[in-house]
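First up is the structure itself, then whatever we jot down about it.
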Amino acid sequence: MADGGDERSPKERSAELAQIEALNRIDATEETRAPPRRRSGEPGEGSGRDGGPEGAEAAAGRTSRRRDALLLDTGRALAEADSINEVARTVSHLHSPDFSLDGVVIFGVTERFLNMLGQYGYRKRTDRMLRMPINTEYPAAEVARTGRPVYLSTPDEYRRRFPATWALSARKGRQSWAFLPLVTAGRITGVLLASFRDPMAFDPEERSLLVLTARLIDHALERNRTGEAELALSRGLRRSMGSGGSATAGMTVATRYVPTGGGLMVGGDWYDVINLPADRIALVIGDVQGHDVHAASLMAQLRTAVHAYAAEGHGPDAVLARTSRFLTSLDEDRFATCIYIEADPGTGVLQLARAGHPHPVLRMPDGTCMLKHIRGGLPLGLMPDEDDYPVTRMELGYGEILMLCTDGLIETGGHDMYSGWVRVRDALSPGPTEDLEGIADSLITAVNNPGGRTEQEQLTPRNEDDIALLLLRRDADGHEPVLPERRLVLTIEQDQAEGLAEARTELQALLHDWAAPDQVDTAVLLASELLGNVLVHTDQTAALTASVTGERGRRRLRVEVTDRGDELPHQRTPGELASSGRGLMLLDILSDQWSVRPESEGKTVWFAVDEGGEDGEDGEPDEGAGSAEGAG
């Protein structure tokens, strides 16, 4: 509307002023009052010891970081606001000693009128809808007409620029005002009024903060206007996943889901527990690319497809291969990661297939945690013709817990995969295994509770990914060992050269608290030697079993490597330039005990290392243990 001459009658002007007076007949609530703002140059928190330039610069840096942290927390809260008054209330959280935000009003803009949609920090004294013509001489109306923000740093500036409405606004005791446009798709749809109890200079940094706040409000209002259907969809999908755990004879499951910070109740992450014939269960966790409603819709369809393929009786590899092709038929531009597990609660045997998903974590009864390396294929939908998803077989011991999660659990808070894994390990390790729900709560609290973050983490942008978590425990049912035991079981195929590195990593994790680091290096060296012998000198698969038993400080590590080859190893005396033949010599020199045990099919070579002991003096000799001569 043009800014031309005022052709309104005195009666019309009187009615408009009455509207404005009604708008300003609101008292600031006492709870939003702030302490006086510290003037520039006054000593205070963050000042240098001598008040010099270096102290002022450090204080300015801390103030800037504090504002960034407040803005991040406010943006996350705005994403979850479900009403306009809630949006205004959330924005008021930006209040700080040097940013004395005292009241917030959100106006809506139509072609002819400016309407108050919501407010916080004021008490209304009228039930009438506040509305004024858009050509009124009022700062918010000017912003709606021109699209340019209006900053009024002092009452004198307000009185000079808007004399017609200043007398009405002067009664509230505020010292500064900012009016900013709310823009959607290039069109002004609203105006934000932010009022301040203390004078504000509105320097570039403060204006930038207000502009960013206006953008966040605009996104929140847009979701409020158009997102009801999307929220209904996401809530329905969220309810379909459930929120608790389940139990079957021999195994217990606990699950958690934390929604994305994008405002939806569910994103592309999901978990599922499927009942299979013969008292077996399938466990699924996955992550569809994206955090929008389309990702949530694809997730729902993938869950249905996995259910269908599992019900048809397909194995883990076939389920993932078919799901990959199904995703491609739905959307060629999206991919998903997934782990599918078929579990037999009676025996504890798990068959796992992985499609680009983070490795699971194995927690042992004594709290030791290790990444369990699972062979895998490409993410679903990436290359549908590449349907190679190898199946890994493992046995879950009594009292052991397998943790499956999406990357949001690891990376939330600005962490990378390494530092995030350390945080997850520290949260997963403590406590008894009986309280599986408590362990799940501890994990979510550790990574998603702002109150538990360090000061550095509070200043770090939080990852906006959602989180899915699934814990699987094999119930002890009276089978707990007399002595604490850790156990590692893995197999390495002939075409799986990277399995040697993974075996070394998992063995080191098994011995993470071993008293003598040199003994850990010795055990890793000997295990690598035995595994390498199988892969180099036979055409068989190498199966490694490692166990730790006993009380801390007097524990015993026993490592067995089994293959189906018929030829038994013999100790040799290699020359100086020989490239092989030293494996049994190393066993004889470095281990406390070792031997070779013939099997019905193949053989097993084993060795033992006693914690803090030499030559096995801390442990009882095993039957069949011997030196090199005993191996023959």
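Just remember, in the structure tokens the first chain shown is A, the second B, etc., residues are 1-based per chain, and ligands are 1-based in the order shown.
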Q: Identify all residues of range 338-584 of chain A in alpha helix (DSSP H) (DSSP on the backbone) and supply them as a ChimeraX atom specification.
A: /A:407-411,417-428,436-448,455-458,498-510,517-537,583-584
I need the chosen residues saved as an mmCIF file, in the first residue's frame, with C-alpha atoms.
data_model
loop_
_atom_site.group_PDB
_atom_site.id
_atom_site.type_symbol
_atom_site.label_atom_id
_atom_site.label_comp_id
_atom_site.auth_asym_id
_atom_site.auth_seq_id
_atom_site.Cartn_x
_atom_site.Cartn_y
_atom_site.Cartn_z
ATOM 1 C CA ASP A 407 24.740 -42.427 13.656
ATOM 2 C CA GLY A 408 22.741 -39.778 15.510
ATOM 3 C CA LEU A 409 23.571 -41.496 18.811
ATOM 4 C CA ILE A 410 27.279 -41.249 18.017
ATOM 5 C CA GLU A 411 27.575 -37.837 16.362
ATOM 6 C CA MET A 417 32.708 -41.343 14.967
ATOM 7 C CA TYR A 418 35.713 -41.821 17.282
ATOM 8 C CA SER A 419 34.933 -39.339 20.065
ATOM 9 C CA GLY A 420 31.249 -40.229 19.862
ATOM 10 C CA TRP A 421 32.090 -43.910 20.273
ATOM 11 C CA VAL A 422 34.160 -43.111 23.390
ATOM 12 C CA ARG A 423 31.194 -41.258 24.884
ATOM 13 C CA VAL A 424 28.812 -44.129 24.080
ATOM 14 C CA ARG A 425 31.271 -46.646 25.563
ATOM 15 C CA ASP A 426 31.533 -44.672 28.800
ATOM 16 C CA ALA A 427 27.741 -44.557 29.122
ATOM 17 C CA LEU A 428 27.237 -48.211 28.198
ATOM 18 C CA LEU A 436 18.415 -53.090 30.266
ATOM 19 C CA GLU A 437 15.901 -50.225 30.259
ATOM 20 C CA GLY A 438 18.154 -48.257 32.607
ATOM 21 C CA ILE A 439 21.111 -48.775 30.262
ATOM 22 C CA ALA A 440 19.022 -47.487 27.346
ATOM 23 C CA ASP A 441 18.010 -44.412 29.350
ATOM 24 C CA SER A 442 21.633 -43.757 30.339
ATOM 25 C CA LEU A 443 22.745 -43.851 26.710
ATOM 26 C CA ILE A 444 20.078 -41.388 25.570
ATOM 27 C CA THR A 445 20.711 -39.082 28.530
ATOM 28 C CA ALA A 446 24.456 -39.075 27.932
ATOM 29 C CA VAL A 447 24.181 -37.927 24.324
ATOM 30 C CA ASN A 448 20.969 -35.904 24.242
ATOM 31 C CA GLU A 455 30.688 -25.913 28.487
ATOM 32 C CA GLN A 456 32.512 -26.642 25.234
ATOM 33 C CA GLU A 457 29.684 -28.933 24.040
ATOM 34 C CA GLN A 458 27.109 -26.263 24.915
ATOM 35 C CA GLU A 498 40.895 -57.007 6.443
ATOM 36 C CA GLY A 499 39.655 -59.475 9.040
ATOM 37 C CA LEU A 500 43.183 -59.699 10.501
ATOM 38 C CA ALA A 501 43.172 -56.007 11.410
ATOM 39 C CA GLU A 502 39.661 -56.281 12.850
ATOM 40 C CA ALA A 503 40.699 -59.310 14.928
ATOM 41 C CA ARG A 504 43.647 -57.388 16.366
ATOM 42 C CA THR A 505 41.409 -54.425 17.221
ATOM 43 C CA GLU A 506 38.809 -56.580 18.968
ATOM 44 C CA LEU A 507 41.454 -58.523 20.909
ATOM 45 C CA GLN A 508 42.986 -55.265 22.118
ATOM 46 C CA ALA A 509 39.510 -54.124 23.226
ATOM 47 C CA LEU A 510 39.046 -57.415 25.070
ATOM 48 C CA PRO A 517 50.503 -53.501 28.110
ATOM 49 C CA ASP A 518 53.486 -55.547 26.862
ATOM 50 C CA GLN A 519 51.461 -58.725 27.380
ATOM 51 C CA VAL A 520 48.647 -57.254 25.295
ATOM 52 C CA ASP A 521 51.091 -56.649 22.452
ATOM 53 C CA THR A 522 52.370 -60.197 22.864
ATOM 54 C CA ALA A 523 48.871 -61.672 22.693
ATOM 55 C CA VAL A 524 48.010 -59.638 19.602
ATOM 56 C CA LEU A 525 51.261 -60.710 17.911
ATOM 57 C CA LEU A 526 50.717 -64.414 18.642
ATOM 58 C CA ALA A 527 47.066 -64.338 17.570
ATOM 59 C CA SER A 528 48.032 -62.592 14.320
ATOM 60 C CA GLU A 529 50.695 -65.256 13.721
ATOM 61 C CA LEU A 530 48.243 -68.140 14.185
ATOM 62 C CA LEU A 531 45.571 -66.544 12.015
ATOM 63 C CA GLY A 532 48.108 -65.677 9.336
ATOM 64 C CA ASN A 533 49.369 -69.273 9.266
ATOM 65 C CA VAL A 534 45.863 -70.530 8.489
ATOM 66 C CA LEU A 535 45.242 -67.953 5.763
ATOM 67 C CA VAL A 536 48.667 -68.363 4.113
ATOM 68 C CA HIS A 537 49.389 -72.071 4.436
ATOM 69 C CA GLY A 583 55.452 -69.088 14.525
ATOM 70 C CA LEU A 584 55.844 -72.001 16.958
#
Q: Find the residues around Glu386 in chain A up to 12 Å (only C-alpha atoms counted), leave out those fewer than 2 positions away in its own chain, and share them as a list in words.
A: Asp317, Ala318, Leu320, Ala321, Arg322, Ser324, Arg325, Ala355, Gly376, Gly377, Leu378, Pro379, Leu380, Gly381, Leu382, Met383, Pro384, Asp388, Tyr389 and Pro390 of chain A
File dump, residues just selected, N, CA and C atoms, as a short mmCIF file (atom, residue, chain, number, x, y, z; two decimals), in the first residue's frame:
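Output saved as result.cif:
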data_model
loop_
_atom_site.label_atom_id
_atom_site.label_comp_id
_atom_site.auth_asym_id
_atom_site.auth_seq_id
_atom_site.Cartn_x
_atom_site.Cartn_y
_atom_site.Cartn_z
N ASP A 317 20.73 -61.91 4.24
CA ASP A 317 21.29 -61.36 3.01
C ASP A 317 20.21 -61.11 1.97
N ALA A 318 19.29 -62.05 1.83
CA ALA A 318 18.22 -61.90 0.84
C ALA A 318 17.26 -60.78 1.23
N LEU A 320 17.99 -57.99 2.80
CA LEU A 320 18.60 -56.70 2.46
C LEU A 320 18.67 -56.50 0.95
N ALA A 321 18.99 -57.54 0.20
CA ALA A 321 19.08 -57.41 -1.26
C ALA A 321 17.73 -57.01 -1.85
N ARG A 322 16.66 -57.65 -1.40
CA ARG A 322 15.32 -57.32 -1.91
C ARG A 322 14.88 -55.93 -1.47
N SER A 324 16.82 -53.42 -0.91
CA SER A 324 17.59 -52.45 -1.70
C SER A 324 16.92 -52.19 -3.05
N ARG A 325 16.51 -53.26 -3.71
CA ARG A 325 15.83 -53.08 -4.99
C ARG A 325 14.49 -52.39 -4.82
N ALA A 355 24.23 -53.30 5.78
CA ALA A 355 24.23 -52.51 4.54
C ALA A 355 24.67 -51.09 4.87
N GLY A 376 29.98 -56.27 5.55
CA GLY A 376 28.78 -55.62 5.03
C GLY A 376 28.90 -55.28 3.57
N GLY A 377 27.76 -54.83 3.03
CA GLY A 377 27.68 -54.39 1.65
C GLY A 377 27.36 -52.91 1.58
N LEU A 378 27.03 -52.44 0.39
CA LEU A 378 26.72 -51.03 0.17
C LEU A 378 25.37 -50.68 0.80
N PRO A 379 25.14 -49.38 1.07
CA PRO A 379 23.83 -48.97 1.57
C PRO A 379 22.71 -49.37 0.61
N LEU A 380 21.53 -49.55 1.16
CA LEU A 380 20.37 -49.93 0.35
C LEU A 380 20.05 -48.82 -0.64
N GLY A 381 19.72 -49.23 -1.88
CA GLY A 381 19.32 -48.28 -2.90
C GLY A 381 20.45 -47.60 -3.61
N LEU A 382 21.69 -47.84 -3.20
CA LEU A 382 22.82 -47.16 -3.83
C LEU A 382 23.18 -47.82 -5.15
N MET A 383 23.34 -49.14 -5.14
CA MET A 383 23.59 -49.90 -6.37
C MET A 383 22.76 -51.19 -6.26
N PRO A 384 21.51 -51.16 -6.70
CA PRO A 384 20.60 -52.29 -6.47
C PRO A 384 21.07 -53.59 -7.11
N ASP A 388 25.35 -58.11 -2.76
CA ASP A 388 26.23 -58.94 -1.94
C ASP A 388 26.22 -58.42 -0.50
N TYR A 389 25.46 -59.07 0.34
CA TYR A 389 25.41 -58.73 1.76
C TYR A 389 25.80 -59.96 2.56
N PRO A 390 27.10 -60.15 2.80
CA PRO A 390 27.55 -61.37 3.49
C PRO A 390 26.95 -61.48 4.89
#
Q) Counting only C-alpha atoms, which of A:Met200, A:Ile374, A:Met251, A:Ile84 gets nearest to Arg474 in chain A? A)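 Once distances to Arg474 in chain A are computed over only C-alpha atoms, the minimum belongs to A:Met251.
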**Q.** Residue among A:Asp477, A:Leu71, A:Glu395, A:Thr541 lying closest to Ser96 in chain A, counting only C-alpha atoms
**A.**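 Ranking A:Asp477, A:Leu71, A:Glu395, A:Thr541 by distance to Ser96 in chain A, first place goes to A:Leu71.
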Q. Skipping near chain neighbours, those fewer than 5 positions away, what residues fall within 8 Å of Val284 in chain A using only C-alpha atoms, listed as a list of chain:residue names?
A. A:Tyr271, A:Asp272, A:Val273, A:Cys338, A:Ile339, A:Tyr340, A:Ile341
Q.
Can you tell me which residues surround Ala310 in chain A at a distance of at most 9 Å, considering only C-alpha atoms, apart from same-chain residues fewer than 5 positions away, and format the answer as a list in words?
A.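 The neighbour list is Ile274, Leu276, Ala282, Ala305, Gly315, Pro316 and Val319 of chain A.
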With N, CA, C and O atoms kept, could you save the residues just selected as a PDB file, in the first residue's frame?
ATOM      1  N   ILE A 274      10.773 -58.353  14.904  1.00  0.00           N
ATOM      2  CA  ILE A 274       9.832 -59.162  14.124  1.00  0.00           C
ATOM      3  C   ILE A 274       9.858 -60.588  14.658  1.00  0.00           C
ATOM      4  O   ILE A 274      10.932 -61.185  14.790  1.00  0.00           O
ATOM      5  N   LEU A 276       9.538 -64.461  14.207  1.00  0.00           N
ATOM      6  CA  LEU A 276       9.720 -65.417  13.120  1.00  0.00           C
ATOM      7  C   LEU A 276       9.294 -66.814  13.583  1.00  0.00           C
ATOM      8  O   LEU A 276       9.164 -67.059  14.794  1.00  0.00           O
ATOM      9  N   ALA A 282      13.642 -61.471  14.535  1.00  0.00           N
ATOM     10  CA  ALA A 282      14.487 -60.634  13.675  1.00  0.00           C
ATOM     11  C   ALA A 282      14.540 -59.239  14.274  1.00  0.00           C
ATOM     12  O   ALA A 282      13.527 -58.722  14.751  1.00  0.00           O
ATOM     13  N   ALA A 305       8.320 -53.437   3.913  1.00  0.00           N
ATOM     14  CA  ALA A 305       8.976 -54.371   2.991  1.00  0.00           C
ATOM     15  C   ALA A 305       9.829 -55.380   3.760  1.00  0.00           C
ATOM     16  O   ALA A 305       9.802 -56.580   3.456  1.00  0.00           O
ATOM     17  N   GLY A 315      16.588 -65.243   4.264  1.00  0.00           N
ATOM     18  CA  GLY A 315      17.682 -65.019   5.193  1.00  0.00           C
ATOM     19  C   GLY A 315      18.084 -63.560   5.226  1.00  0.00           C
ATOM     20  O   GLY A 315      17.612 -62.740   4.416  1.00  0.00           O
ATOM     21  N   PRO A 316      18.970 -63.180   6.143  1.00  0.00           N
ATOM     22  CA  PRO A 316      19.360 -61.772   6.268  1.00  0.00           C
ATOM     23  C   PRO A 316      19.900 -61.165   4.987  1.00  0.00           C
ATOM     24  O   PRO A 316      19.581 -60.013   4.651  1.00  0.00           O
ATOM     25  N   VAL A 319      16.994 -60.617   2.526  1.00  0.00           N
ATOM     26  CA  VAL A 319      16.110 -59.529   2.957  1.00  0.00           C
ATOM     27  C   VAL A 319      16.694 -58.177   2.561  1.00  0.00           C
ATOM     28  O   VAL A 319      16.001 -57.308   2.017  1.00  0.00           O
TER      29      VAL A 319
END
Q: Pick out the closest residue to Asn85 in chain A from this set: A:Ala220, A:Arg66, A:Ala201, A:Phe99. Count only C-alpha atoms.
A: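 Ranked by minimum distance to Asn85 in chain A, first place goes to A:Ala220.
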Q) Could you state the separation of CA of Asp102 in chain A and CA of Ala88 in chain A in Å, given to one decimal place? A)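 These atoms are spaced 11.3 Å apart.
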Q | Pro181 in chain A environment, 7 Å, only C-alpha atoms, sequence neighbours closer than 4 positions dropped, as a list of chain:residue names | A |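 After dropping sequence-adjacent residues, the list is A:Val143, A:Ala144, A:Gly147, A:Arg148, A:Pro149, A:Ile188, A:Gly190, A:Val191, A:Leu192.
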**Q.** CA of Leu350 in chain A to CA of Asp366 in chain A, distance in Å rounded to a single decimal
**A.**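 CA of Asp366 in chain A lies at a distance of 21.0 Å from CA of Leu350 in chain A.
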